[in-house]
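**Q** Sending over a structure as structure tokens; questions will come in a sec.
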Amino acid sequence: MKFDHNVEIITIGDELLLGQTIDTNAAFLSRELANAGFRVTRRTTVGDNAENIADAVQDALSCSSVVICTGGLGPTQDDFTKPVVAELFDAPLEVDTRLLDALRERYRLRGIAMPERNICQAEVPRGALVLPNPRGTACGLVLRDADGRICILLPGVPHELRGLALEEVIPFLRRARAGTVGGAIRFRTIRTTGIAESAVAEKIDSILPRIRPLTVAFLPQFAGSDLRITSWGELPEAEVDAALSDAEQQIRSVLQSHIYGTGSDDLAAVIGALLRERGLTITTAESCTGGLIAKRITDHAGSSDYFGTGVVTYANEAKQRLLDVSPQTMAEHGAVSEPTVREMIRGAQRRADAAAAIAVTGIAGPGGGSSDKPVGTVWLAAALHDQVLTRKIVFPGDREEIRERAAQAALALLWKLLKDPVPTQVQVAARIA
Ligand code: ATP
């Protein structure tokens, strides 16, 4: 079988099937493999059952030249991965004396005698490549059959898996791929906010045929839609960068006002950079987001340069006491209203003596909604000096989704003001599909 970009992942463990452990290994491997230009074509999860593991590995090897298994490498009676795969590859298990010595030494340093059953952790299928695992007792293993198909076995413990994947597996696969296939898979991600996925699709529709063989994938999230432009290895290596840049440029030309970054850029960090550049400070006044916006801002090291104070004013009384919102305003218009969010942001800005501010008040649910203010109704405000932008959005989703979407939309409102400081007051009722 020809070595290609395709990789299958098999995660092994009853706890994964029972939902007791979330399969973070598969997600991590998918992400890192994609970053390294490999395409994960299928992920399978099986329990601690020798027959099921054998079936899954055989099936994966019939479709892909590389299969990565995680889990089931330990010394207990429910750890079947190594003997099963060794048998499939017709590679008898043999004790590797160097591994055994290292294992004994590891136990000696901990001051305990190595249980005899751990000897199996020093067993290696004949001819397999050993990937050292300094973080644990189960090393990684690479088996290759006569057709060049590769099966990589990795321990399930997440931090061990991560170390082995980054330090051993990806470099190994890169070496294995070198010279055997065309260009690597390469991609660029463009991050947008404040525009629905369908509107993004409509805007870039006519661009797609012009940028072939590159493709564009939509990756919608609470925070907005990411667009990933991918070169799948068909283009000569020397042309890939220029083709990706050209595609990015064409997409930027139609989505410019919604693009806040590339790769893994975070909107709060983009805002932070703008504030730092201009020597401005920011404050937050949050009700339904409960501090999420302050968290997003302070997730970034060095944010104390521009962020000093943020308040969570969940109760009406707190809005009066900490932000000087008038009881009359709330009585007349309600706590979730444009006049209230306006007084919240002004109060926050004044009290913190900050140039910029964000305020949010809304109904995250599940209770508290009414026919004119259903669950998901959120009033957002952003301020820069004396300019204030307000917006009402009715967000879909559950409590957590509404809070996350509201935090992102509020950040987006301030970002808009920082980029384009027009002193207009906007009140838009929008329902995001
Ligand atoms: P060990 O040598 O420590 O026994 P192992 O290869 O046998 O390692 P498992 O026993 O399958 O690994 O799992 C060890 C730990 O890692 C368990 O706590 C398990 O819940 C966790 N784990 C296993 N697989 C995954 C996965 N796919 N995602 C996240 N955690 C996992």
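Note on naming: chains are A, B, ... as they come in the structure tokens, residues start from 1 per chain, ligands start from 1 in the order shown.
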Set the cut-off to 8 Å, count only C-alpha atoms and all ligand atoms, and list whatever residues fall near ligand 1 as an NGL selection string.

**A** :A and (11-13 or 15-16 or 20-26 or 70-76 or 79 or 121 or 136-138 or 154-158)

**Q** I'd like to know which residues of stretch 219-417 of chain A are strand (DSSP E or B) (by DSSP, run on the backbone); could you write them as a PyMOL selection string?

**A** chain A and resi 219-221+224-231+259-262+282-286+307-312+356-362+377-384+387-394

**Q** Just C-alpha atoms for this one: save the residues we selected as a PDB file, in the first residue's frame.

**A**
```
ATOM      1  CA  LEU A 219     -15.863  25.513  10.907  1.00  0.00           C
ATOM      2  CA  PRO A 220     -18.728  27.140  12.815  1.00  0.00           C
ATOM      3  CA  GLN A 221     -18.296  27.736  16.536  1.00  0.00           C
ATOM      4  CA  GLY A 224     -18.036  32.754  14.920  1.00  0.00           C
ATOM      5  CA  SER A 225     -17.210  30.921  11.750  1.00  0.00           C
ATOM      6  CA  ASP A 226     -13.677  29.861  10.951  1.00  0.00           C
ATOM      7  CA  LEU A 227     -12.775  29.293   7.334  1.00  0.00           C
ATOM      8  CA  ARG A 228     -10.025  26.840   6.586  1.00  0.00           C
ATOM      9  CA  ILE A 229      -8.333  27.067   3.201  1.00  0.00           C
ATOM     10  CA  THR A 230      -6.558  23.791   2.446  1.00  0.00           C
ATOM     11  CA  SER A 231      -4.018  22.703  -0.129  1.00  0.00           C
ATOM     12  CA  ILE A 259     -12.224  38.946   9.975  1.00  0.00           C
ATOM     13  CA  TYR A 260     -10.517  39.423  13.324  1.00  0.00           C
ATOM     14  CA  GLY A 261      -7.632  37.037  12.985  1.00  0.00           C
ATOM     15  CA  THR A 262      -6.030  33.929  11.603  1.00  0.00           C
ATOM     16  CA  ILE A 282     -10.762  48.682  29.575  1.00  0.00           C
ATOM     17  CA  THR A 283     -13.355  47.692  32.167  1.00  0.00           C
ATOM     18  CA  THR A 284     -16.281  45.283  32.117  1.00  0.00           C
ATOM     19  CA  ALA A 285     -19.754  45.258  33.690  1.00  0.00           C
ATOM     20  CA  GLU A 286     -21.392  41.886  33.342  1.00  0.00           C
ATOM     21  CA  PHE A 307      -7.417  45.652  32.358  1.00  0.00           C
ATOM     22  CA  GLY A 308      -7.733  46.729  35.992  1.00  0.00           C
ATOM     23  CA  THR A 309     -11.324  46.202  37.082  1.00  0.00           C
ATOM     24  CA  GLY A 310     -14.355  44.284  36.004  1.00  0.00           C
ATOM     25  CA  VAL A 311     -17.576  43.818  37.933  1.00  0.00           C
ATOM     26  CA  VAL A 312     -20.273  41.185  37.911  1.00  0.00           C
ATOM     27  CA  ALA A 356     -13.039  51.469  26.918  1.00  0.00           C
ATOM     28  CA  ALA A 357     -15.788  49.307  28.403  1.00  0.00           C
ATOM     29  CA  ILE A 358     -18.061  46.398  27.713  1.00  0.00           C
ATOM     30  CA  ALA A 359     -21.420  45.799  29.415  1.00  0.00           C
ATOM     31  CA  VAL A 360     -23.866  42.940  29.123  1.00  0.00           C
ATOM     32  CA  THR A 361     -27.298  42.253  30.568  1.00  0.00           C
ATOM     33  CA  GLY A 362     -29.522  39.421  29.407  1.00  0.00           C
ATOM     34  CA  THR A 377     -32.352  38.097  24.863  1.00  0.00           C
ATOM     35  CA  VAL A 378     -29.171  40.012  25.588  1.00  0.00           C
ATOM     36  CA  TRP A 379     -28.374  43.703  25.487  1.00  0.00           C
ATOM     37  CA  LEU A 380     -24.725  44.424  24.770  1.00  0.00           C
ATOM     38  CA  ALA A 381     -22.850  47.687  24.958  1.00  0.00           C
ATOM     39  CA  ALA A 382     -19.349  48.746  24.025  1.00  0.00           C
ATOM     40  CA  ALA A 383     -17.853  52.124  24.832  1.00  0.00           C
ATOM     41  CA  LEU A 384     -14.778  53.957  23.695  1.00  0.00           C
ATOM     42  CA  GLN A 387     -18.900  56.775  22.013  1.00  0.00           C
ATOM     43  CA  VAL A 388     -21.304  54.009  22.919  1.00  0.00           C
ATOM     44  CA  LEU A 389     -22.530  51.221  20.678  1.00  0.00           C
ATOM     45  CA  THR A 390     -25.458  49.114  21.855  1.00  0.00           C
ATOM     46  CA  ARG A 391     -26.985  46.018  20.377  1.00  0.00           C
ATOM     47  CA  LYS A 392     -29.767  43.609  21.196  1.00  0.00           C
ATOM     48  CA  ILE A 393     -29.407  40.008  20.112  1.00  0.00           C
ATOM     49  CA  VAL A 394     -31.599  37.010  20.833  1.00  0.00           C
TER      50      VAL A 394
END
```

**Q** For the atom pair atom CA of A:Trp415 and atom CA of A:Ala273, what is the interatomic distance in Å to one decimal place?

**A**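 That distance, rounded to one decimal, is 10.8 Å.
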
**Q** For A:Cys69, please output as an NGL selection string all residues within 6 Å (counting only C-alpha atoms; exclusion window: fewer than 5 positions along the same chain).

**A** :A and (9-11 or 153)

**Q** So, with only C-alpha atoms as the atoms that count, which of A:Met344, A:Met114, A:Leu413, A:Ile207 lies closest to A:Ala247?

**A**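 The shortest atom-to-atom distance to A:Ala247 comes from A:Ile207.
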
**Q** Between atom CA of A:Asp145 and atom CA of A:Ala165, what is the distance, to one decimal in Å?

**A**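 According to the coordinates, atom CA of A:Asp145 and atom CA of A:Ala165 are separated by 21.0 Å.
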
**Q** Could you give me, as a tab-separated table (two decimals) with C-alpha atoms, in the first residue's frame, the residues within 10 Å of A:Phe395, counting only C-alpha atoms and dropping anything in the same chain fewer than 3 positions from it?

**A**
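Saved to selection-v2.tsv:
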```tsv
chain	number	residue	atom	x	y	z
A	362	GLY	CA	-29.52	39.42	29.41
A	363	ILE	CA	-31.57	36.31	30.06
A	364	ALA	CA	-29.43	33.18	29.84
A	374	PRO	CA	-37.48	35.43	25.45
A	375	VAL	CA	-34.62	33.39	26.89
A	376	GLY	CA	-31.48	34.36	24.99
A	377	THR	CA	-32.35	38.10	24.86
A	378	VAL	CA	-29.17	40.01	25.59
A	392	LYS	CA	-29.77	43.61	21.20
A	398	ASP	CA	-28.73	26.58	26.25
A	399	ARG	CA	-27.50	28.66	29.17
A	401	GLU	CA	-24.08	28.61	24.79
A	402	ILE	CA	-25.97	31.85	25.31
A	403	ARG	CA	-23.34	33.09	27.75
A	404	GLU	CA	-20.47	32.17	25.45
A	405	ARG	CA	-22.13	33.68	22.40
A	406	ALA	CA	-22.98	36.85	24.34
A	409	ALA	CA	-20.65	39.26	20.55
A	430	ALA	CA	-31.31	40.01	15.30
A	431	ARG	CA	-32.02	36.36	15.69
A	432	ILE	CA	-29.02	34.31	14.74
A	433	ALA	CA	-30.12	31.16	12.98
```

**Q** Quick one: pull the distance between atom CA of A:Cys151 and atom CA of A:Phe89, Å, one decimal.

**A**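 One can read the atom CA of A:Cys151 to atom CA of A:Phe89 distance as 9.1 Å.
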
**Q** Between A:Ile152, A:Leu417, A:Ile190, A:Ala176, single out the one closest to A:Val130, counting only C-alpha atoms.

**A**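 Counting only C-alpha atoms, the residue closest to A:Val130 is A:Ile152.
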
**Q** Considering only C-alpha atoms, can you say which of A:Asp246, A:Asp299, A:Leu235, A:Ala56 comes closest to A:Leu208?

**A**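 Closest to A:Leu208, using only C-alpha atoms: A:Asp246.
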
**Q** For A:Ala34, please output as an mmCIF file with N, CA and C atoms, in the first residue's frame all residues within 9 Å (counting only C-alpha atoms; exclusion window: fewer than 6 positions along the same chain).

**A**
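Written file, result.cif:
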```cif
data_model
loop_
_atom_site.group_PDB
_atom_site.id
_atom_site.type_symbol
_atom_site.label_atom_id
_atom_site.label_comp_id
_atom_site.auth_asym_id
_atom_site.auth_seq_id
_atom_site.Cartn_x
_atom_site.Cartn_y
_atom_site.Cartn_z
ATOM 1 N N VAL A 40 -6.910 12.909 8.954
ATOM 2 C CA VAL A 40 -7.519 11.821 9.725
ATOM 3 C C VAL A 40 -8.829 11.462 9.031
ATOM 4 N N ILE A 185 -0.040 18.417 3.007
ATOM 5 C CA ILE A 185 -1.296 19.148 3.174
ATOM 6 C C ILE A 185 -0.971 20.394 3.995
ATOM 7 N N ARG A 186 -1.392 21.545 3.483
ATOM 8 C CA ARG A 186 -1.145 22.775 4.257
ATOM 9 C C ARG A 186 -2.432 23.576 4.287
ATOM 10 N N PHE A 187 -2.629 24.276 5.409
ATOM 11 C CA PHE A 187 -3.861 25.064 5.463
ATOM 12 C C PHE A 187 -3.657 26.367 6.204
#
```

**Q** I need the residue nearest A:His385 from this list: A:Gln320, A:Gln349, A:Thr340, A:Thr41. Use only C-alpha atoms for the distance.

**A**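 So, comparing all the options, the nearest one is A:Gln349.
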